[in-house]
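Participant: Below is a structure I'd like to ask you about.
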Amino acid sequence: MERVEGTTPNEAAAAVADGEEPPQGPPAPDDDVRTGAADGNDPAEGEAGAGRPRRRWFRRAALALLIALLPLLTAETALYVNYQGDPAQGTHTRNRDALWLGHAWVDGRKKDADVTALARRLQGTGIRDLYVHSGPLEHDGTLPESVYPRARWFIDAVHDKLPGIRVQAFLGDVLAAEGADGMVLEKPDTRAAVVRSARQILDTGYEGIHLDLEPMPSGDRDYLTLLDALRRETRSRDAQLSVAAHQIDPLPALHTVFGLFTDHPKWWSQEFFGQVARRVDQIAVMSYDTAQPLEGTYGGYVAQQTSLALEVTPPSTDLLMGLPFYWESNFDHWGHAETVPAAVRGVRLGLSRTDADRSRFGVALYIDFAATEADWRAYKEDWVR
């Protein structure tokens with residue numbers, strides 16, 4: 001996904017490709033080259049000769065560009081091939097899916113009629129958990145109660161109209177990276193404050209904490225320490241602990257290479273992903289914003305991510321793969337490529353090839369307020385069945 005120079009042999013090869021022959025006899029005087037007057041040649045021949053160096057430069061540049069793009073083209077081809085084949089029978093919902101919800105559900109903008117409509121929308125699906133945005137956390141780890149004034153109303157309304165559905169508090173913050181302002185997990189006081197905030201919001205009636213801290217570097221020990229403390233808190237209340245997880249290195253040690261150029265990490269090592277997965281009840285992979293240009297390569301990428309995650313997620317942890325329930329078109333997310341049908345097919349292929357019978361598995365839909373009817377239809381027809 002992420003990203004060679006011409007050498008003297010390459011330049012020689014390019015010159016041969018031009019069809020040039022060694023000069024015969026002494027070179028003509030400069031005036032002759034410019035005008036062709038000395039030997040009676042047409043001046044156009046001199047102009048054509050002058051154009052040869054320019055064409056030769058373009059050919060050499062094209063060759064160098066091709067050499068530079070070969071690794072990327074090879075990787076994209078491999079992803080496309082990974083998208084081929086048929087998913088195994090039965091690779092559909094295990095009724096452990098989740099839906100990310102926006103902040104409007106707990107700040108007073110949503111009403112009873114909205115919950116009724118949500119209940120109709122979720123009827124007959126595999127959704128078991130709602131991650132409702134109830135933050136963000138302050139950079140010091142605290143959480144003002146004023147941020148979620150209608151949380152208790154929403155939880156009660158869901159339990160009334162959607163029995164069996166769990167409501168988890170979706171909490172997150174931006175981590176200090178690249179010199180930006182944000183949460184500093186290295187501070188013990190900050191981690192302690194996050195745990196207190198979790199305790200505080202669970203007192204409101206939530207049935208779990210869904211944590212999303214970004215950008216999270218692979219191997220961050222302070223993050224693992226925080227998860228250990230949060231797990232003790234949630235287990236003491238019989239509540240869920242879930243996290244939104246970065247994607248796994250599609251190439252070995254890619255996160256390390258990427259880290260040489262930026263402090264804004266995108267991938268985790270497979271080992272670190274497993275360390276996180278063993279500390280939580282649910283782990284949801286943010287398998288979107290991949291910069292893949294085609295549905296075939298995006299679906300192949302999701303299939304690869306699904307397999308990598310399955311290999312290191314313990315059977316006791318729910319693994320959920322994120323589906324892009326939104327449309328954007330930019331370098332990180334091409335809307336024509338990152339589609340729900342491609343993601344679902346990729347999920348089913350990865351599941352089929354790695355652990356087709358796994359029960360603690362699902363998909364997570366991001367996000368309710370940006371979803372289209374086509375997104376919901378693809379989820380229901382391709383995954384729920």
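Convention: chains lettered A, B, ... in structure tokens order; per-chain residue numbering from 1; ligands numbered from 1 as shown.
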I'd like to know which residues of range 83-154 of chain A are strand (DSSP E or B) (by DSSP, run on the backbone); could you write them as a PyMOL selection string?
Facilitator: chain A and resi 97-101+127-133
Participant: Let's have the selection written as a tab-separated table (two decimals), in the first residue's frame, with N, CA, C and O atoms.
Facilitator:
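Dumped everything to part.tsv:
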chain	number	residue	atom	x	y	z
A	97	ASP	N	-23.29	-8.78	15.62
A	97	ASP	CA	-22.88	-7.57	14.92
A	97	ASP	C	-23.09	-6.34	15.81
A	97	ASP	O	-23.75	-6.40	16.85
A	98	ALA	N	-22.51	-5.22	15.39
A	98	ALA	CA	-22.61	-3.98	16.15
A	98	ALA	C	-22.83	-2.80	15.21
A	98	ALA	O	-22.56	-2.88	14.00
A	99	LEU	N	-23.35	-1.72	15.78
A	99	LEU	CA	-23.60	-0.49	15.03
A	99	LEU	C	-23.06	0.69	15.82
A	99	LEU	O	-23.39	0.87	16.99
A	100	TRP	N	-22.19	1.49	15.18
A	100	TRP	CA	-21.75	2.74	15.79
A	100	TRP	C	-22.83	3.79	15.59
A	100	TRP	O	-23.34	3.97	14.47
A	101	LEU	N	-23.17	4.50	16.67
A	101	LEU	CA	-24.19	5.55	16.63
A	101	LEU	C	-23.57	6.91	16.95
A	101	LEU	O	-22.66	7.00	17.78
A	127	ILE	N	-27.60	-7.44	14.61
A	127	ILE	CA	-26.98	-6.47	15.51
A	127	ILE	C	-27.35	-6.76	16.96
A	127	ILE	O	-28.53	-6.89	17.31
A	128	ARG	N	-26.33	-6.86	17.78
A	128	ARG	CA	-26.49	-7.14	19.21
A	128	ARG	C	-26.01	-5.99	20.08
A	128	ARG	O	-26.49	-5.82	21.21
A	129	ASP	N	-25.06	-5.18	19.58
A	129	ASP	CA	-24.49	-4.09	20.38
A	129	ASP	C	-24.62	-2.76	19.65
A	129	ASP	O	-24.43	-2.68	18.43
A	130	LEU	N	-24.93	-1.73	20.42
A	130	LEU	CA	-24.92	-0.37	19.93
A	130	LEU	C	-23.80	0.38	20.64
A	130	LEU	O	-23.76	0.43	21.87
A	131	TYR	N	-22.89	0.96	19.86
A	131	TYR	CA	-21.82	1.79	20.42
A	131	TYR	C	-22.25	3.25	20.22
A	131	TYR	O	-22.08	3.81	19.13
A	132	VAL	N	-22.82	3.87	21.23
A	132	VAL	CA	-23.33	5.22	21.08
A	132	VAL	C	-22.31	6.23	21.59
A	132	VAL	O	-21.83	6.13	22.72
A	133	HIS	N	-21.97	7.19	20.74
A	133	HIS	CA	-20.93	8.17	21.08
A	133	HIS	C	-21.38	8.99	22.28
A	133	HIS	O	-22.37	9.72	22.21
Participant: Quick one: distance from CA of Gly135 in chain A to CA of Met286 in chain A in Å, one decimal?
Facilitator: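 Interatomic distance, CA of Gly135 in chain A to CA of Met286 in chain A: 18.8 Å.
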Participant: Write out as CSV the residues of range 186-272 of chain A that have any atom within 12 Å of an atom of range 322-331 of chain A, one row each with the nearest atom pair and its distance in Å to one decimal, counting only C-alpha atoms, sorted by chain and then rising number.
Facilitator:
residue,atom,partner,partner_atom,distance
A:Val243,CA,A:Gly322,CA,11.9
A:Ala244,CA,A:Gly322,CA,9.1
A:Ala245,CA,A:Gly322,CA,9.6
A:His246,CA,A:Gly322,CA,10.6
A:Gln247,CA,A:Gly322,CA,10.2
Participant: Output as JSON lines one row per residue of range 223-317 of chain A within 9 Å of range 76-94 of chain A: the closest atom pair and its distance in Å to one decimal place, counting only C-alpha atoms, sorted by chain and residue number ascending.
Facilitator:
{"residue": "A:Gln292", "atom": "CA", "partner": "A:Glu76", "partner_atom": "CA", "distance": 8.5}
{"residue": "A:Leu294", "atom": "CA", "partner": "A:Tyr80", "partner_atom": "CA", "distance": 8.7}
{"residue": "A:Glu295", "atom": "CA", "partner": "A:Tyr80", "partner_atom": "CA", "distance": 8.7}
{"residue": "A:Gly296", "atom": "CA", "partner": "A:Tyr80", "partner_atom": "CA", "distance": 5.2}
{"residue": "A:Thr297", "atom": "CA", "partner": "A:Tyr80", "partner_atom": "CA", "distance": 4.6}
{"residue": "A:Tyr298", "atom": "CA", "partner": "A:Leu79", "partner_atom": "CA", "distance": 7.5}
{"residue": "A:Gly299", "atom": "CA", "partner": "A:Tyr83", "partner_atom": "CA", "distance": 5.8}
{"residue": "A:Gly300", "atom": "CA", "partner": "A:Tyr83", "partner_atom": "CA", "distance": 4.2}
{"residue": "A:Tyr301", "atom": "CA", "partner": "A:Leu79", "partner_atom": "CA", "distance": 5.8}
{"residue": "A:Val302", "atom": "CA", "partner": "A:Tyr83", "partner_atom": "CA", "distance": 8.8}
{"residue": "A:Ala303", "atom": "CA", "partner": "A:Tyr83", "partner_atom": "CA", "distance": 7.1}
{"residue": "A:Gln304", "atom": "CA", "partner": "A:Asn82", "partner_atom": "CA", "distance": 7.5}
Participant: Near range 207-211 of chain A, counting only C-alpha atoms, which residues have an atom at most 6 Å away, once you skip same-chain residues fewer than 5 positions from it, shown as a list of chain:residue names?
Facilitator: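 Answer for this query is A:Val167, A:Gln168, A:Ala169, A:Phe170, A:Leu171, A:Gly172, A:Ala239, A:Gln240, A:Leu241, A:Ser242, A:Val243.
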Participant: If we count only C-alpha atoms and set the cut-off at 12 Å, which residues sit around range 177-187 of chain A, ignoring sequence neighbours fewer than 2 positions away in its own chain? Please answer as a PyMOL selection string.
Facilitator: chain A and resi 136-142+172-175+189-194+213-217+220-227+259+261-265
Participant: Taking the backbone alone, and naming residues the way the document does, which bits of range 115-253 of chain A are helix (DSSP H, G or I) by DSSP, as a PyMOL selection string?
Facilitator: chain A and resi 115-122+145-147+151-161+188-202+221-236
Participant: Between CA of Val147 in chain A and CA of Val285 in chain A, what distance in Å does the model show, to one decimal?
Facilitator: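 That distance, rounded to one decimal, is 26.1 Å.
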Participant: Which of these residues is nearest to Arg231 in chain A, using only C-alpha atoms: A:Leu319, A:Trp267, A:Val280, A:Ser218?
Facilitator: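 Checking each of A:Leu319, A:Trp267, A:Val280, A:Ser218 against Arg231 in chain A, counting only C-alpha atoms, the winner is A:Val280.
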Participant: Rank nothing, just name the residue among A:Thr125, A:Gln270, A:Gln200, A:Gln282 nearest to Glu381 in chain A, using only C-alpha atoms.
Facilitator: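 Smallest separation from Glu381 in chain A among the options: A:Thr125.
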Participant: What does the distance from CA of Val312 in chain A to CA of Ala277 in chain A come to in Å, to one decimal?
Facilitator: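 Computing the Euclidean distance for CA of Val312 in chain A and CA of Ala277 in chain A yields 7.8 Å.
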Participant: Of the residues A:Asp289, A:Asp112, A:Asp212, A:Asp249, which is the one nearest to Trp334 in chain A, using only C-alpha atoms?
Facilitator: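 Closest candidate: A:Asp289.
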